$ cat entry17.cif   # mmCIF, C-alpha atoms
data_query
loop_
_atom_site.label_atom_id
_atom_site.label_comp_id
_atom_site.auth_asym_id
_atom_site.auth_seq_id
_atom_site.Cartn_x
_atom_site.Cartn_y
_atom_site.Cartn_z
CA MET A 1 -27.59 36.68 -30.83
CA ALA A 2 -26.77 36.77 -27.13
CA SER A 3 -27.75 33.09 -26.88
CA ARG A 4 -25.39 32.12 -29.72
CA SER A 5 -22.58 34.15 -28.11
CA PHE A 6 -23.11 32.38 -24.79
CA GLU A 7 -23.11 28.97 -26.50
CA ALA A 8 -19.94 29.90 -28.40
CA ARG A 9 -18.22 30.82 -25.14
CA ARG A 10 -19.25 27.50 -23.62
CA GLN A 11 -17.83 25.62 -26.61
CA ASP A 12 -14.58 27.58 -26.32
CA GLN A 13 -14.43 26.71 -22.62
CA ARG A 14 -14.94 23.00 -23.31
CA PHE A 15 -12.27 23.11 -26.03
CA LEU A 16 -9.74 24.71 -23.67
CA VAL A 17 -10.49 22.19 -20.92
CA ASN A 18 -10.14 19.26 -23.29
CA LYS A 19 -6.94 20.70 -24.77
CA SER A 20 -5.51 21.23 -21.28
CA SER A 21 -6.34 17.64 -20.33
CA GLN A 22 -4.66 16.34 -23.48
CA LEU A 23 -1.51 18.39 -22.87
CA GLU A 24 -1.40 17.25 -19.24
CA ALA A 25 -1.74 13.62 -20.31
CA VAL A 26 1.05 13.99 -22.88
CA ALA A 27 3.35 15.60 -20.34
CA ALA A 28 2.54 12.98 -17.71
CA SER A 29 3.13 10.18 -20.21
CA ALA A 30 6.48 11.64 -21.24
CA ASN A 31 7.49 11.81 -17.59
CA ARG A 32 6.50 8.19 -16.96
CA ASP A 33 7.76 6.28 -19.96
CA GLY A 34 11.19 5.69 -18.42
CA ARG A 35 13.16 8.19 -20.52
CA THR A 36 13.56 10.59 -17.59
CA GLY A 37 13.99 8.01 -14.84
CA SER A 38 16.68 5.58 -13.74
CA ALA A 39 16.91 2.60 -11.43
CA ALA A 40 19.32 4.58 -9.23
CA GLU A 41 16.74 7.35 -8.82
CA VAL A 42 14.03 4.81 -7.97
CA LEU A 43 16.30 3.05 -5.48
CA ARG A 44 17.12 6.32 -3.73
CA ILE A 45 13.49 7.38 -3.40
CA PHE A 46 12.19 4.01 -2.24
CA THR A 47 15.03 3.49 0.21
CA TRP A 48 14.02 6.74 1.86
CA LEU A 49 10.40 5.58 1.88
CA GLY A 50 11.51 2.23 3.30
CA LEU A 51 13.14 4.09 6.17
CA THR A 52 10.23 6.46 6.88
CA CYS A 53 6.96 4.69 5.93
CA PHE A 54 5.55 3.70 9.31
CA GLY A 55 2.01 2.57 10.00
CA GLY A 56 1.39 -0.54 7.92
CA PRO A 57 0.12 -1.17 4.38
CA ILE A 58 -2.78 1.29 4.42
CA ALA A 59 -0.54 4.11 5.59
CA HIS A 60 1.96 3.22 2.85
CA LEU A 61 -0.68 4.01 0.22
CA GLY A 62 -0.95 7.48 1.73
CA TYR A 63 2.82 7.99 1.75
CA PHE A 64 3.09 6.83 -1.87
CA ARG A 65 0.28 9.11 -2.96
CA ALA A 66 1.89 12.12 -1.30
CA GLU A 67 5.27 11.30 -2.87
CA PHE A 68 4.33 10.29 -6.42
CA VAL A 69 0.99 12.00 -7.11
CA GLU A 70 1.31 15.29 -5.24
CA ARG A 71 5.05 15.92 -4.99
CA ARG A 72 6.72 14.25 -7.98
CA ARG A 73 3.63 13.97 -10.26
CA TRP A 74 4.72 10.68 -11.78
CA LEU A 75 1.04 9.88 -12.40
CA SER A 76 -2.41 11.36 -11.87
CA GLU A 77 -4.80 10.76 -8.99
CA ARG A 78 -7.00 8.62 -11.21
CA ALA A 79 -4.15 6.49 -12.53
CA TYR A 80 -2.86 6.04 -8.99
CA ALA A 81 -6.28 4.89 -7.81
CA ASP A 82 -6.48 2.46 -10.73
CA LEU A 83 -3.17 0.92 -9.66
CA VAL A 84 -4.29 0.73 -6.03
CA GLY A 85 -7.46 -1.06 -7.11
CA LEU A 86 -5.50 -3.64 -9.09
CA CYS A 87 -3.00 -4.19 -6.26
CA GLN A 88 -5.80 -4.63 -3.71
CA PHE A 89 -7.68 -7.05 -5.95
CA LEU A 90 -4.82 -9.52 -6.48
CA PRO A 91 -3.20 -11.57 -3.68
CA GLY A 92 0.01 -10.43 -2.05
CA PRO A 93 1.22 -7.26 -0.28
CA ALA A 94 -0.61 -4.33 -1.88
CA SER A 95 1.87 -1.59 -0.98
CA SER A 96 4.89 -3.59 -2.20
CA LYS A 97 3.17 -4.39 -5.51
CA LEU A 98 2.23 -0.74 -5.87
CA GLY A 99 5.84 0.29 -5.26
CA PHE A 100 7.04 -2.29 -7.79
CA SER A 101 4.55 -0.91 -10.34
CA LEU A 102 5.73 2.67 -9.83
CA GLY A 103 9.37 1.62 -10.23
CA LEU A 104 8.44 -0.37 -13.34
CA LEU A 105 6.72 2.66 -14.85
CA ARG A 106 9.67 4.92 -14.12
CA ALA A 107 12.66 2.77 -15.06
CA GLY A 108 11.57 -0.61 -16.40
CA TYR A 109 12.31 -3.97 -14.78
CA LEU A 110 15.41 -2.65 -13.02
CA GLY A 111 13.29 0.16 -11.63
CA GLY A 112 10.72 -2.32 -10.32
CA LEU A 113 13.48 -4.36 -8.66
CA ALA A 114 15.05 -1.19 -7.24
CA ALA A 115 11.69 -0.11 -5.78
CA TRP A 116 11.20 -3.48 -4.08
CA VAL A 117 14.77 -3.62 -2.73
CA GLY A 118 14.72 -0.04 -1.46
CA PHE A 119 11.33 -0.36 0.21
CA THR A 120 11.90 -3.82 1.72
CA LEU A 121 15.51 -4.10 2.85
CA PRO A 122 15.46 -1.47 5.65
CA SER A 123 12.65 -3.23 7.52
CA ALA A 124 14.10 -6.67 6.77
CA ALA A 125 17.50 -5.62 8.17
CA LEU A 126 15.91 -4.17 11.31
CA LEU A 127 13.91 -7.35 11.89
CA VAL A 128 16.97 -9.56 11.45
CA LEU A 129 18.75 -7.41 14.05
CA PHE A 130 15.74 -7.84 16.31
CA ALA A 131 15.93 -11.59 15.78
CA TYR A 132 19.53 -11.53 17.00
CA GLY A 133 18.60 -9.70 20.18
CA ALA A 134 18.68 -6.01 19.28
CA ASN A 135 15.33 -5.38 21.02
CA THR A 136 16.48 -3.67 24.21
CA PHE A 137 14.87 -0.33 23.37
CA ALA A 138 11.49 -1.89 22.64
CA GLY A 139 10.76 -2.63 26.30
CA THR A 140 11.41 0.87 27.66
CA ALA A 141 8.93 3.68 28.33
CA ALA A 142 10.60 5.85 25.70
CA GLY A 143 10.37 3.02 23.18
CA SER A 144 6.67 2.47 23.85
CA ALA A 145 5.99 6.21 23.52
CA LEU A 146 7.92 6.34 20.25
CA PHE A 147 6.08 3.36 18.74
CA HIS A 148 2.72 4.83 19.75
CA SER A 149 3.63 8.19 18.18
CA LEU A 150 4.41 6.42 14.91
CA LYS A 151 0.88 5.01 14.95
CA LEU A 152 -0.46 8.57 15.27
CA VAL A 153 1.54 9.49 12.16
CA ALA A 154 -0.36 6.76 10.32
CA VAL A 155 -3.70 8.26 11.42
CA ALA A 156 -2.85 11.64 9.87
CA ILE A 157 -1.36 10.15 6.69
CA VAL A 158 -4.30 7.81 6.03
CA ALA A 159 -6.91 10.45 6.90
CA GLN A 160 -5.34 12.91 4.46
CA ALA A 161 -5.20 10.24 1.75
CA VAL A 162 -8.87 9.30 2.28
CA TRP A 163 -9.92 12.96 2.23
CA SER A 164 -8.03 13.81 -0.96
CA MET A 165 -8.95 10.62 -2.82
CA ALA A 166 -12.63 10.98 -1.87
CA ARG A 167 -12.73 14.50 -3.32
CA ALA A 168 -11.12 13.33 -6.58
CA LEU A 169 -12.70 9.89 -7.02
CA CYS A 170 -16.16 10.29 -5.48
CA PRO A 171 -17.42 13.54 -7.05
CA ASP A 172 -21.04 12.43 -7.46
CA ARG A 173 -23.78 10.68 -5.47
CA GLN A 174 -23.31 7.33 -7.19
CA ARG A 175 -19.63 6.96 -6.35
CA ALA A 176 -19.99 8.45 -2.87
CA THR A 177 -22.68 5.84 -2.19
CA ILE A 178 -20.42 3.04 -3.47
CA ALA A 179 -17.63 4.26 -1.17
CA VAL A 180 -19.91 4.30 1.87
CA ALA A 181 -21.29 0.85 1.04
CA ALA A 182 -17.77 -0.55 0.68
CA ALA A 183 -16.75 0.92 4.05
CA VAL A 184 -19.84 -0.51 5.75
CA LEU A 185 -19.20 -3.96 4.25
CA VAL A 186 -15.56 -4.05 5.36
CA LEU A 187 -16.42 -2.86 8.86
CA ALA A 188 -19.37 -5.24 9.22
CA VAL A 189 -17.42 -8.28 8.00
CA PRO A 190 -13.83 -7.89 9.27
CA ARG A 191 -12.30 -10.54 7.04
CA SER A 192 -9.70 -10.22 4.31
CA LEU A 193 -12.13 -11.43 1.65
CA SER A 194 -14.53 -8.60 2.52
CA GLN A 195 -12.10 -6.14 0.92
CA ILE A 196 -12.01 -8.18 -2.28
CA THR A 197 -15.80 -8.51 -2.19
CA ALA A 198 -16.21 -4.75 -1.72
CA ILE A 199 -13.97 -4.01 -4.70
CA ALA A 200 -15.79 -6.61 -6.84
CA PHE A 201 -19.17 -5.09 -5.93
CA GLY A 202 -17.71 -1.67 -6.70
CA ALA A 203 -16.85 -2.89 -10.20
CA MET A 204 -20.36 -4.24 -10.78
CA LEU A 205 -22.04 -1.10 -9.46
CA GLY A 206 -19.68 1.02 -11.55
CA LEU A 207 -20.74 -0.86 -14.69
CA ARG A 208 -24.37 -0.13 -13.86
CA TYR A 209 -24.27 3.42 -12.48
CA CYS A 210 -20.97 5.06 -13.46
CA ARG A 211 -21.06 5.22 -17.26
CA GLN A 212 -20.36 8.95 -17.39
CA THR A 213 -19.59 10.31 -20.83
CA GLY A 214 -18.20 13.70 -19.81
CA GLU A 215 -14.99 12.43 -18.16
CA SER A 216 -11.71 12.28 -20.03
CA VAL A 217 -10.13 8.98 -21.01
CA PRO A 218 -7.51 7.97 -18.42
CA GLU A 219 -3.95 8.64 -19.53
CA PRO A 220 -2.13 5.51 -20.73
CA LEU A 221 0.23 3.74 -18.35
CA HIS A 222 3.08 2.29 -20.38
CA PHE A 223 4.32 -0.72 -18.46
CA PRO A 224 7.29 -2.33 -20.26
CA VAL A 225 5.72 -5.79 -19.95
CA SER A 226 4.75 -7.73 -23.06
CA ARG A 227 1.90 -10.21 -23.23
CA ARG A 228 4.44 -13.00 -23.65
CA ALA A 229 6.19 -11.91 -20.45
CA GLY A 230 2.83 -11.71 -18.68
CA ILE A 231 1.90 -15.25 -19.71
CA ALA A 232 5.34 -16.53 -18.69
CA SER A 233 4.92 -14.92 -15.25
CA LEU A 234 1.50 -16.54 -14.84
CA VAL A 235 2.91 -19.96 -15.75
CA ALA A 236 5.81 -19.51 -13.31
CA PHE A 237 3.39 -18.47 -10.56
CA ALA A 238 1.18 -21.51 -11.12
CA VAL A 239 4.06 -24.02 -11.35
CA LEU A 240 5.71 -22.76 -8.17
CA LEU A 241 2.37 -22.76 -6.34
CA VAL A 242 1.69 -26.38 -7.28
CA MET A 243 5.21 -27.38 -6.26
CA SER A 244 4.85 -25.58 -2.93
CA PHE A 245 2.26 -28.14 -1.83
CA SER A 246 4.62 -31.07 -2.43
CA HIS A 247 6.43 -32.77 0.45
CA VAL A 248 10.21 -32.37 0.34
CA ARG A 249 12.95 -33.34 2.78
CA ASP A 250 15.38 -30.53 2.03
CA PRO A 251 14.75 -27.91 4.78
CA LEU A 252 15.62 -24.95 2.57
CA VAL A 253 13.24 -26.05 -0.20
CA ALA A 254 10.55 -26.74 2.40
CA LEU A 255 11.09 -23.25 3.84
CA PHE A 256 10.81 -21.67 0.38
CA ASN A 257 7.62 -23.63 -0.32
CA ALA A 258 5.99 -22.60 2.96
CA PHE A 259 6.64 -18.90 2.46
CA TYR A 260 5.75 -18.95 -1.24
CA ARG A 261 2.45 -20.66 -0.43
CA SER A 262 1.67 -18.10 2.27
CA GLY A 263 2.43 -15.17 -0.06
CA ALA A 264 0.32 -16.66 -2.86
CA LEU A 265 -2.80 -17.28 -0.81
CA VAL A 266 -3.09 -14.09 1.24
CA PHE A 267 -5.61 -11.41 0.32
CA GLY A 268 -5.84 -8.14 2.19
CA GLY A 269 -2.25 -7.32 3.04
CA GLY A 270 0.24 -7.91 5.80
CA HIS A 271 -2.07 -8.35 8.79
CA VAL A 272 -3.91 -11.20 7.08
CA VAL A 273 -0.73 -13.21 6.56
CA LEU A 274 -0.42 -13.88 10.33
CA PRO A 275 -2.58 -17.05 10.48
CA LEU A 276 -1.03 -18.40 7.27
CA LEU A 277 2.52 -17.93 8.53
CA SER A 278 1.60 -19.33 11.94
CA GLU A 279 0.34 -22.48 10.28
CA ALA A 280 3.39 -22.64 8.03
CA VAL A 281 6.13 -22.23 10.64
CA VAL A 282 4.72 -22.76 14.15
CA GLU A 283 2.84 -26.01 13.57
CA PRO A 284 5.86 -27.79 11.97
CA GLY A 285 8.01 -26.68 14.92
CA TRP A 286 10.31 -24.31 13.02
CA LEU A 287 9.48 -21.55 15.52
CA ASP A 288 7.65 -21.45 18.85
CA LYS A 289 4.50 -19.35 19.15
CA GLU A 290 5.94 -16.76 21.59
CA THR A 291 8.95 -16.04 19.36
CA PHE A 292 6.70 -15.83 16.32
CA LEU A 293 4.34 -13.29 17.94
CA ALA A 294 7.28 -11.21 19.21
CA GLY A 295 8.54 -10.90 15.65
CA TYR A 296 5.11 -9.99 14.33
CA GLY A 297 4.85 -7.25 16.96
CA ALA A 298 8.28 -5.92 16.01
CA ALA A 299 7.28 -5.88 12.32
CA GLN A 300 4.48 -3.41 13.13
CA ALA A 301 6.93 -1.08 14.90
CA VAL A 302 9.42 -0.75 12.02
CA PRO A 303 8.92 1.06 8.69
CA GLY A 304 8.26 -0.75 5.42
CA PRO A 305 6.07 -3.74 4.52
CA LEU A 306 4.75 -6.13 7.18
CA PHE A 307 5.73 -9.05 4.95
CA SER A 308 9.33 -8.31 5.97
CA VAL A 309 8.57 -10.36 9.09
CA ALA A 310 9.58 -13.29 6.87
CA ALA A 311 13.22 -12.23 7.30
CA TYR A 312 12.85 -12.46 11.09
CA ILE A 313 11.26 -15.90 10.90
CA GLY A 314 13.80 -17.17 8.39
CA ALA A 315 16.71 -15.99 10.56
CA LEU A 316 15.41 -17.99 13.55
CA ALA A 317 13.80 -20.98 11.80
CA ARG A 318 14.96 -24.37 13.02
CA PRO A 319 17.06 -26.27 12.19
CA ALA A 320 19.03 -24.02 9.80
CA GLY A 321 18.39 -20.37 10.65
CA GLY A 322 20.67 -17.55 9.58
CA LEU A 323 21.06 -14.80 7.01
CA GLY A 324 20.72 -17.25 4.11
CA THR A 325 17.37 -18.59 5.27
CA ALA A 326 16.23 -15.04 6.06
CA ALA A 327 16.90 -14.09 2.43
CA ILE A 328 15.13 -17.21 1.12
CA ALA A 329 12.04 -16.56 3.25
CA LEU A 330 11.96 -12.88 2.28
CA ILE A 331 12.16 -13.54 -1.46
CA ALA A 332 9.71 -16.44 -1.31
CA ILE A 333 6.90 -14.53 0.40
CA PHE A 334 7.06 -11.56 -2.00
CA LEU A 335 7.65 -13.53 -5.22
CA PRO A 336 4.11 -14.88 -5.91
CA GLY A 337 2.43 -11.49 -5.60
CA ILE A 338 4.97 -9.87 -7.94
CA LEU A 339 4.68 -12.70 -10.51
CA LEU A 340 0.88 -12.52 -10.56
CA HIS A 341 1.00 -8.73 -10.75
CA VAL A 342 3.37 -8.81 -13.75
CA ALA A 343 1.07 -11.36 -15.38
CA ALA A 344 -1.89 -8.98 -15.09
CA LEU A 345 -0.22 -5.71 -16.13
CA PRO A 346 -0.03 -6.04 -19.96
CA PHE A 347 -3.69 -7.03 -20.20
CA TRP A 348 -4.95 -4.58 -17.58
CA SER A 349 -3.14 -1.58 -19.08
CA GLN A 350 -4.89 -2.22 -22.40
CA LEU A 351 -8.30 -3.10 -20.99
CA ARG A 352 -8.57 -0.06 -18.71
CA SER A 353 -9.13 2.27 -21.72
CA ALA A 354 -12.30 0.43 -22.84
CA THR A 355 -15.58 2.18 -21.95
CA PRO A 356 -17.08 -0.67 -19.82
CA VAL A 357 -13.75 -1.10 -18.02
CA GLN A 358 -13.60 2.64 -17.35
CA ALA A 359 -17.04 2.44 -15.76
CA ALA A 360 -15.98 -0.54 -13.68
CA MET A 361 -12.79 1.27 -12.63
CA ARG A 362 -14.83 4.27 -11.47
CA GLY A 363 -16.75 1.93 -9.19
CA ILE A 364 -13.56 0.17 -8.09
CA ASN A 365 -11.86 3.49 -7.29
CA ALA A 366 -14.85 4.56 -5.21
CA ALA A 367 -14.79 1.20 -3.41
CA VAL A 368 -11.06 1.64 -2.73
CA VAL A 369 -11.85 4.95 -1.03
CA GLY A 370 -14.39 3.13 1.12
CA VAL A 371 -11.93 0.35 1.97
CA LEU A 372 -9.33 2.95 2.97
CA ALA A 373 -11.92 4.80 5.06
CA ALA A 374 -12.80 1.57 6.88
CA ALA A 375 -9.11 0.88 7.47
CA LEU A 376 -8.71 4.42 8.82
CA TYR A 377 -11.06 3.39 11.62
CA GLN A 378 -9.94 -0.22 12.05
CA PRO A 379 -7.05 -0.88 12.65
CA VAL A 380 -5.43 2.58 12.27
CA TRP A 381 -7.65 4.75 14.50
CA THR A 382 -8.62 2.12 17.08
CA THR A 383 -5.01 1.13 17.79
CA ALA A 384 -3.59 4.69 17.86
CA VAL A 385 -6.16 7.19 19.19
CA LEU A 386 -6.66 6.07 22.77
CA THR A 387 -6.86 9.41 24.62
CA LYS A 388 -7.81 13.07 24.10
CA LEU A 389 -4.11 13.83 23.78
CA ASP A 390 -3.76 11.30 20.95
CA PHE A 391 -6.68 12.90 19.12
CA ALA A 392 -5.20 16.39 19.51
CA ILE A 393 -1.86 15.30 18.05
CA ALA A 394 -3.44 13.36 15.18
CA LEU A 395 -5.78 16.26 14.34
CA THR A 396 -2.89 18.76 14.32
CA SER A 397 -0.86 16.49 12.06
CA PHE A 398 -3.81 16.08 9.68
CA VAL A 399 -4.31 19.86 9.42
CA LEU A 400 -0.58 20.32 8.75
CA LEU A 401 -0.84 17.83 5.87
CA ALA A 402 -4.21 18.71 4.38
CA VAL A 403 -4.41 22.49 4.94
CA TRP A 404 -0.89 23.78 5.42
CA LYS A 405 0.50 21.33 2.81
CA ALA A 406 3.49 20.61 5.05
CA PRO A 407 5.98 17.99 3.78
CA ALA A 408 5.21 14.49 5.05
CA LEU A 409 8.66 14.16 6.62
CA LEU A 410 8.15 17.36 8.64
CA VAL A 411 4.79 16.08 9.86
CA VAL A 412 6.33 12.74 10.83
CA LEU A 413 9.05 14.50 12.83
CA PHE A 414 6.53 16.79 14.53
CA THR A 415 4.20 13.93 15.46
CA VAL A 416 6.98 11.70 16.77
CA VAL A 417 8.60 14.45 18.86
CA ALA A 418 5.31 15.85 20.19
CA GLY A 419 3.72 12.45 20.80
CA THR A 420 6.76 10.98 22.52
CA ALA A 421 7.37 14.04 24.71
CA LEU A 422 3.73 14.43 25.76
CA GLU A 423 3.23 10.72 26.44
CA LEU A 424 6.34 10.66 28.63
CA ALA A 425 5.04 13.77 30.42
CA VAL A 426 1.68 12.10 31.09
CA GLY A 427 3.50 8.99 32.29
CA SER A 428 5.42 11.10 34.78
CA GLY A 429 2.17 12.41 36.29
CA LEU A 430 1.49 15.73 34.54
CA PRO A 431 -2.32 16.27 34.24
CA LEU A 432 -2.53 17.06 30.51
CA PHE A 433 -6.04 17.23 28.95
CA GLY A 434 -7.67 15.93 32.13
CA PRO A 435 -8.90 12.37 32.64
#
$ encode --input "entry17.cif" --output "structure tokens"
Amino acid sequence: MASRSFEARRQDQRFLVNKSSQLEAVAASANRDGRTGSAAEVLRIFTWLGLTCFGGPIAHLGYFRAEFVERRRWLSERAYADLVGLCQFLPGPASSKLGFSLGLLRAGYLGGLAAWVGFTLPSAALLVLFAYGANTFAGTAAGSALFHSLKLVAVAIVAQAVWSMARALCPDRQRATIAVAAAVLVLAVPRSLSQITAIAFGAMLGLRYCRQTGESVPEPLHFPVSRRAGIASLVAFAVLLVMSFSHVRDPLVALFNAFYRSGALVFGGGHVVLPLLSEAVVEPGWLDKETFLAGYGAAQAVPGPLFSVAAYIGALARPAGGLGTAAIALIAIFLPGILLHVAALPFWSQLRSATPVQAAMRGINAAVVGVLAAALYQPVWTTAVLTKLDFAIALTSFVLLAVWKAPALLVVLFTVVAGTALELAVGSGLPLFGP
């Protein structure tokens, strides 16, 4: 009798958990299907992110997660990780494609466009200003201290994202092992293709070892993209890619082709596009190497996507630089990744509910955690945490985010003010934290 009562209570518990999951999924779906969102709302949110997201593409994933998973609850942790996996797997800038996807979910095609415009234009405008000589502040001690403090912000943001995602997406030994293996692979082979290889291996290991039956089906993500639109985007991507290899005399068409080709062939995000862009613009003589590297350095000091460096290059490209060529270069480098992403969405959103695909996605999500953990060390940690003082600031910022649940903006302000003030104090000779 007692045994039956205990079993009945367990069944009631499972029923309540399942019912709660279903209600949560329904509520999340209703919030994401575009009926409660607008392009204006998306533009406002992503413009703010475009002004405050420092630290490069990996840090952007942490900012987006804090904004849309924790604060606004536009989607769940698992759905967010699924999107990150898809964006990492396809060529192009991962954070920009992720932002486009979130805008698309919230407010349709106009929402996707608004997300891209809001996230990209602030950094593009700053880099065009830099191209025209507005770089006086960058060479000062205060400027160097400020830029270094922004790197420390990225350490805290990425560390908090890795910690939270690992707890949600690697709850068992199989997925924790996949995450560690992915991190080791990326660190041992520091090439852009190692990230893609790690995610691919994560999918295969997920198929073999992550076929759990007790987990709920992921909530549907209703992208307003039909299969016909997806196929049309794939055709447009392929046609433009083939045309980009053709030789043309018109300098504007040649510029578009060079940047489109670079955006289509880059895996691994903004840092990996450097050699492709160097080959595309330095070797033909459109820009000298010193000017090119100065722009790339400036792109890492401003918020928003690193691909915005295309606006800087376009503004200075010989023989016909200016605002028009900056706009052409900017659109051309982002266009292939967006087209290929739109081509994948209608098929991916349907496939991800199948049982084998769910198993593969569990492995992919675990591998994404490993890739982010590797990126936390290199380049985020190694370029930011150089002294004991840096570690103290980064650790404090992480605790504010992860334990005190402080708003990301407050943590950014704290880190920038504290890091800049303390670094200037050390530079003036104050013996803080010893040698």
$ closest_residue --input "entry17.cif" --among "A:Leu345, A:Val369, A:Leu276, A:Ala79" --to "Ser233 in chain A" --atoms "all atoms listed in the file"
A:Leu345
$ atom_distance --input "entry17.cif" --atom1 "CA of Arg228 in chain A" --atom2 "CA of Pro91 in chain A"
21.4 Å
$ closest_residue --input "entry17.cif" --among "A:Ala156, A:Ala408, A:Leu395, A:Val235" --to "Val342 in chain A" --atoms "only C-alpha atoms"
A:Val235
$ residues_around --input "entry17.cif" --residues "Asp172 in chain A" --least-positions-apart "6" --cutoff "12 Å" --atoms "all atoms listed in the file" --output "list in words"
Ala166, Ile178, Ala179, Tyr209, Cys210, Gln212, Arg362, Gly363 and Ala366 of chain A
$ write_last_selection --input "entry17.cif" --atoms "C-alpha atoms" --output "PDB file, keeping the file's coordinate frame"
ATOM      1  CA  ALA A 166     -12.630  10.980  -1.870  1.00  0.00           C
ATOM      2  CA  ILE A 178     -20.420   3.040  -3.470  1.00  0.00           C
ATOM      3  CA  ALA A 179     -17.630   4.260  -1.170  1.00  0.00           C
ATOM      4  CA  TYR A 209     -24.270   3.420 -12.480  1.00  0.00           C
ATOM      5  CA  CYS A 210     -20.970   5.060 -13.460  1.00  0.00           C
ATOM      6  CA  GLN A 212     -20.360   8.950 -17.390  1.00  0.00           C
ATOM      7  CA  ARG A 362     -14.830   4.270 -11.470  1.00  0.00           C
ATOM      8  CA  GLY A 363     -16.750   1.930  -9.190  1.00  0.00           C
ATOM      9  CA  ALA A 366     -14.850   4.560  -5.210  1.00  0.00           C
TER      10      ALA A 366
END
$ atom_distance --input "entry17.cif" --atom1 "CA of Phe259 in chain A" --atom2 "CA of Ile333 in chain A"
4.8 Å
$ closest_residue --input "entry17.cif" --among "A:Val153, A:Thr291, A:Phe147, A:Pro224" --to "Ile393 in chain A" --atoms "only C-alpha atoms"
A:Val153
$ closest_residue --input "entry17.cif" --among "A:Leu241, A:Leu409, A:Leu105, A:Val309" --to "His222 in chain A" --atoms "only C-alpha atoms"
A:Leu105
$ closest_residue --input "entry17.cif" --among "A:Lys151, A:Val281, A:Asp288, A:Gly99" --to "Ala384 in chain A" --atoms "all atoms listed in the file"
A:Lys151
$ closest_residue --input "entry17.cif" --among "A:Ile157, A:Leu169, A:Leu51, A:Leu90" --to "Pro122 in chain A" --atoms "only C-alpha atoms"
A:Leu51
$ atom_distance --input "entry17.cif" --atom1 "CA of Ser308 in chain A" --atom2 "CA of Leu185 in chain A"
28.9 Å
$ resolve_selection --input "entry17.cif" --expression "the PyMOL selection byres ((chain A and resi 389) around 9)" --output "PDB file with C-alpha atoms, keeping the file's coordinate frame"
ATOM      1  CA  VAL A 385      -6.160   7.190  19.190  1.00  0.00           C
ATOM      2  CA  LEU A 386      -6.660   6.070  22.770  1.00  0.00           C
ATOM      3  CA  THR A 387      -6.860   9.410  24.620  1.00  0.00           C
ATOM      4  CA  LYS A 388      -7.810  13.070  24.100  1.00  0.00           C
ATOM      5  CA  ASP A 390      -3.760  11.300  20.950  1.00  0.00           C
ATOM      6  CA  PHE A 391      -6.680  12.900  19.120  1.00  0.00           C
ATOM      7  CA  ALA A 392      -5.200  16.390  19.510  1.00  0.00           C
ATOM      8  CA  ILE A 393      -1.860  15.300  18.050  1.00  0.00           C
ATOM      9  CA  ALA A 394      -3.440  13.360  15.180  1.00  0.00           C
ATOM     10  CA  GLY A 419       3.720  12.450  20.800  1.00  0.00           C
ATOM     11  CA  LEU A 422       3.730  14.430  25.760  1.00  0.00           C
ATOM     12  CA  GLU A 423       3.230  10.720  26.440  1.00  0.00           C
ATOM     13  CA  LEU A 432      -2.530  17.060  30.510  1.00  0.00           C
ATOM     14  CA  PHE A 433      -6.040  17.230  28.950  1.00  0.00           C
TER      15      PHE A 433
END
